[in-house]
Every structure is written in C-alpha cells, then in structure tokens.
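**Student:** Here you go, one structure.
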Amino acid sequence: YEIGVRLVGSEMCIRDSRYTGHVTDDMKRLGRPTVTDIIDELQWRGLLAQHTDLAALREHLASGPVTFYCGYDPTAPSLHHGHLVQLIVMRHLQLAGHKPLALVGGATGQIGDPRQSGERQLQPTEVVQGWAQKLRDQISRFLDFEGPAAARMVNNLDWTQQMSAIDLLRTIGKYFRVGTMLNKDIVARRIASDEGISYTEFSYQVLQANDFLELFRRYGCTLETGGNDQWGNMVGGVDLIHKVDGADAHVMTTPIITKADGTKFGKSEGGAIWLNPEMLSPYAFYQFWLQVDDVDVVRFLKVFTFLEREEIERLEAATAENPKAREAQRVLAHEVTTWVHGAEATAQAEAATSALWGRGDLADIDEVTILAATSDLASGDVVVGETTIVDLLVSTGLERGRNAARKTIAGGGAYLNNVKVADETVVIGPEHLLAGGVVLVRKGRRNLAVGRTV
C-alpha cells in the first residue's frame, strides 16, 4: 500500500522554523501554509500540551534546523491511530525544516513502558525484533528520508545491548534519584495498586532517558516529542543531558486525544485502530473516521490532517449549517485513509461505502474491500443455482418466513446487489456473485445482509 502523498524532499526549506513562501504542489496538497511559526501551528491544531520553556523552545526552533526524535516501542506488530498523532507532529516539524530521528525501541520494546492496567507480558526477543522491523517499515512511509531535512531510523538496541549492568548503574543510574522516580505519576499509581510494579518496568524511565543522551551525542538531537503520558520519562532525558554533558535540551508533548465527552478516542468494536491493512482493512479504517461525531470532527481535522485553516473553517461552517451531509467526516476519512493506506485503497473504501447503499457499482469493488465491507452484516448461505431470493431473505434474517419474503418482493422492497427483484422465483446464479463470492440482499432502504457461497 503506497501512501497517497509524495513527500517534499529536497524542495523543503530549512532556513528556520517558519514555512516559507516556496510552496510545492505536494505542500499545497497537504494544505501547508506559506508562512507560519511551527509552535503557533501546533498550538492551533491542538498538538501541543506540555513543554519545556516555551520561549526558549520557540527560539531554538527558529535558530536553524533542529534534530529531534520520537520513540516507538514494538509492543505489537503494528502502529495504531494513536501513533498517527506523533507521526503527524514529526511531519509538521520536518516540513518546517527540522530533522527527524524515528526511534524504534528494540531494547525498550523488550520491557515496555509501565501501563496503568498492570504489568506487561514480556515477549520473546525474536518476536520483539520482528515487530520492530514491521514498525520501521510502517514509519518509513510517513517521513521523507531524502533531502536536507532527511529523516533517519534508529534502534536503541544498538547502544543499549553494548552496556553491561555495571555500566548502566555506574554511568547512568547514579544520576537518578529514587524519590523522583517514585513520584512519577504512572509509577506512583502502580505502586499504590494491588499488583505493584516490577523493577523491570520501573527501570524503563532510565533507559528512555539514556536514549535521549545517546541521540544527543550521536546526532546532536536536542528535542524529544511524544505523548503526554510520556512527560515524566521525557524530562528525565533533559535532566540527564544537563547533568552529564552540561547541555540544554527540550521536550514537548501532544495531549491524549479524547472525544467531547471526555472518553478516550481510540477503539473500534473490534479493538485497536491498526495501521496495518492486514490487521484492520482500509475499508474498516475509513469507516472509523467516517463515524466521528459532529462535536469532534473539526478538532480531529486539525489534529489528524494537514488541511489549511481556511478549509477547516469552511468545513466547520458546513457542519453547523447542514450536519446531515457529514461533509467534514467524509473529508476527514478521505484525508487520513489516503495518508495511511494510499489513494487507491481510499477510492475503493469510498466506492464500497456508496455502492453498499445503492449509489455505486458493486462490480467495481475488489475482493478485499467487499469482504471487509460485509464482514459485520447478517449473512446466509448461498448454493449457486439453487438458492432463491426468497431463501436468501429468510436465511439472512431480513424476513421471518417465506410468506413475508414473498410479500416484500411483491411490494417492490427486495433488492439483489442493489437491483430491485420483482420475481420471487429468481435463483442466485454465477452472474450475481460479486468479488469474494458474495451477493448483497436488501430489504427496503436500510436493511442490508449478505449471502455467502458454500
């Protein structure tokens, strides 16, 4: 799956933290303003929560290209939509001329940062390394690895595995005060819980701080970005750099994205919103964004897309004037799905969304998309050449009995692949089968089911 946007590369300006008047076609596609301060832009989009001294950070970013990093632990075989927030921040910073280091935690992923819900299950080393490679492949699609602000992939296993326990304790551990470590929010919560916290997870903050120090020394990295739940670990790195090398560094976090009701924005009925198309189909991914509530959609357009302010303001007005049209949701779903899965997969998801309800040609939908689109529908078995439209209405549960099915057909309320069926004797034949060997049956306008060949 190719992303639907070609990255800017060598045409990116790196004079300072302001986007310049030189705008490529790709930057127009991403909605990049011609001149704006990157801090102001992130604040307007709701992408800036906590930070070290803001005036100093703003000045640092304006002084020239800054090398920054964000870490991703391979605790699963795919990134999910929450990681998109960090990837988007990295891309905003890169478009402003700054140089990203995308860290995949081959070392820290073997431990996992402490969770509120309890101790993580440790995975075998070979599993973690396999997941690390999958994350590298995913991240590489979202950043530009060429040009003056080229991104670089790094793995903290490269330096962590070279340290002995004595090295870690003598050269790094001596700079950490246990009282400070115990007072960090997630650690304090876990200690107060019945389960407590193991030394393994307790030590995670030391390893993350050491990552920042190593990246500072190796690449001149002076800024770390991450989620707000990582604040304590991130400032630990700032303190370590200052204590060990006497240098200044910065961190900034993004807020935890919540819905208007205060609940976490994140899970579908089937689980996490994975970016891997094999774990969550592009169609299901598209539908997730399409279902965003009106009260959240404008805020999510700011966070999850690169649309310019004027377009987002237009969509805000359109939502207020005609919420039933759901234009903002369609734009949100289109933009995010295109960025993650590419233009072709997005077009298939959009076509399937329309075709399922009679506004497009079902024959144009590929097998992967049609199977994903019908996976949650009520279903019935189809024997090609034997099953009739009456049989299918009953077996899918759209009608309770054969007489009721016949009445629906006689009244013009039965559809096969969006085509009205007037003859109750119609038999499902090969000509009716869509990609994946399925056939759609509908009662009225909104009651949809699927027949699957056996």
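Ordering of the structure tokens sets the chain letters (A, B, ...); residue numbers start at 1 within each chain; ligands are numbered from 1 in the order shown.
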With only C-alpha atoms as the counted atoms, please give the residues lying no more than 12 Å from range 411-426 of chain A, apart from itself and same-chain residues fewer than 5 positions off, as a PyMOL selection string.

**Tutor:** chain A and resi 354-363+370+384-394+398-399+402-406+431-435+438-451

**Student:** Considering only C-alpha atoms, return as an mmCIF file with C-alpha atoms, in the first residue's frame whatever protein or nucleic-acid residues lie within 12 Å of Asp239 in chain A, sequence-local ones (same chain, fewer than 2 positions apart) excluded.

**Tutor:**
```
data_model
loop_
_atom_site.group_PDB
_atom_site.id
_atom_site.type_symbol
_atom_site.label_atom_id
_atom_site.label_comp_id
_atom_site.auth_asym_id
_atom_site.auth_seq_id
_atom_site.Cartn_x
_atom_site.Cartn_y
_atom_site.Cartn_z
ATOM 1 C CA THR A 52 9.910 22.859 28.477
ATOM 2 C CA ILE A 172 23.687 6.425 34.066
ATOM 3 C CA TYR A 175 22.266 10.469 38.068
ATOM 4 C CA PHE A 176 18.753 9.298 39.013
ATOM 5 C CA ARG A 177 17.180 9.929 42.417
ATOM 6 C CA THR A 180 11.989 11.498 41.889
ATOM 7 C CA GLN A 205 12.496 5.602 32.538
ATOM 8 C CA VAL A 206 16.260 5.213 32.921
ATOM 9 C CA GLN A 208 14.430 6.179 27.806
ATOM 10 C CA ALA A 209 16.468 8.988 29.328
ATOM 11 C CA ASN A 210 19.639 7.273 28.161
ATOM 12 C CA PHE A 212 17.930 10.921 24.580
ATOM 13 C CA LEU A 213 21.516 11.248 25.828
ATOM 14 C CA GLY A 232 7.942 12.182 33.139
ATOM 15 C CA ASN A 233 10.220 9.927 31.098
ATOM 16 C CA MET A 234 10.957 12.694 28.623
ATOM 17 C CA VAL A 235 12.035 15.327 31.135
ATOM 18 C CA GLY A 236 14.231 12.626 32.675
ATOM 19 C CA GLY A 237 16.230 12.723 29.451
ATOM 20 C CA ILE A 241 21.745 15.509 29.312
ATOM 21 C CA HIS A 242 22.154 18.552 31.537
ATOM 22 C CA LYS A 243 23.793 16.601 34.380
ATOM 23 C CA VAL A 244 26.123 14.502 32.227
ATOM 24 C CA ASP A 245 27.105 16.877 29.404
ATOM 25 C CA GLY A 246 26.025 20.241 30.811
ATOM 26 C CA ALA A 247 23.869 20.946 27.757
ATOM 27 C CA ASP A 248 20.296 22.103 27.293
ATOM 28 C CA ALA A 249 17.612 20.038 25.603
ATOM 29 C CA HIS A 250 13.862 20.362 25.082
ATOM 30 C CA VAL A 251 10.751 18.228 25.095
#
```

**Student:** Would you please work out which residue, of A:Asp296, A:Glu311, A:Glu278, A:Asp229, is nearest to Ile256 in chain A when using only C-alpha atoms?

**Tutor:**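 Checking each of A:Asp296, A:Glu311, A:Glu278, A:Asp229 against Ile256 in chain A, counting only C-alpha atoms, the winner is A:Asp229.
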
**Student:** When you look at range 280-288 of chain A with a cut-off of 10 Å (counting only C-alpha atoms), what residues show up, excluding the ones that are within fewer than 5 positions of it in the same chain? I need them as a VMD selection string.

**Tutor:** chain A and resid 1 80 to 81 266 to 275 329 to 330 332 to 338 340 to 342 345 to 353 368 to 373 375

**Student:** Counting only C-alpha atoms, what is within 12 Å of range 161-163 of chain A, bar same-chain residues fewer than 6 positions away, as a list of chain:residue names?

**Tutor:**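 Once the adjacent positions are removed, what remains is A:Gly105, A:Gly106, A:Ala107, A:Thr108, A:Gln110, A:Asn155, A:Leu169, A:Arg170, A:Thr171, A:Ile172, A:Leu207, A:Asn210.
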
**Student:** Out of A:Ile39, A:Leu103, A:Val127, A:Leu223, which residue has the shortest atom-to-atom distance to Val66 in chain A when counting only C-alpha atoms?

**Tutor:** A:Leu223

**Student:** Enumerate as a PyMOL selection string all residues of range 60-305 of chain A assigned to strand (DSSP E) by DSSP on the backbone, naming them with the chain letters and numbers the document uses.

**Tutor:** chain A and resi 67-72+99-104+152-155+223-227+250-254+267-268+271-272

**Student:** Where does range 35-80 of chain A meet range 133-152 of chain A within 7 Å, residue by residue, with the nearest atom pair and distance in Å to one decimal for each, counting only C-alpha atoms, listed by chain and rising number, as a tab-separated table?

**Tutor:**
```
residue	atom	partner	partner_atom	distance
A:Pro74	CA	A:Leu135	CA	6.8
A:Pro77	CA	A:Lys134	CA	6.3
A:Ser78	CA	A:Leu135	CA	6.1
A:Leu79	CA	A:Leu135	CA	6.6
```

**Student:** Pick out each residue of range 125-366 of chain A that DSSP on the backbone tags as alpha helix (DSSP H); I need them as a PyMOL selection string.

**Tutor:** chain A and resi 125-139+157-160+165-167+178-183+185-192+199-202+204-219+231-245+282-290+294-304+309-321+327-341+343-355

**Student:** Quick one: pull the distance between CA of Cys70 in chain A and CA of Leu101 in chain A, Å, one decimal.

**Tutor:**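 The value is 6.7 Å.
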
**Student:** From the options A:Gln129, A:His51, A:Ile38, A:Tyr199, which residue's atoms come nearest to Asp73 in chain A, counting only C-alpha atoms?

**Tutor:** A:Gln129

**Student:** In terms of the shortest atom-to-atom distance over only C-alpha atoms, which of A:Gln123, A:Thr254, A:Thr396, A:Asn156 is closest to His83 in chain A?

**Tutor:** A:Thr254
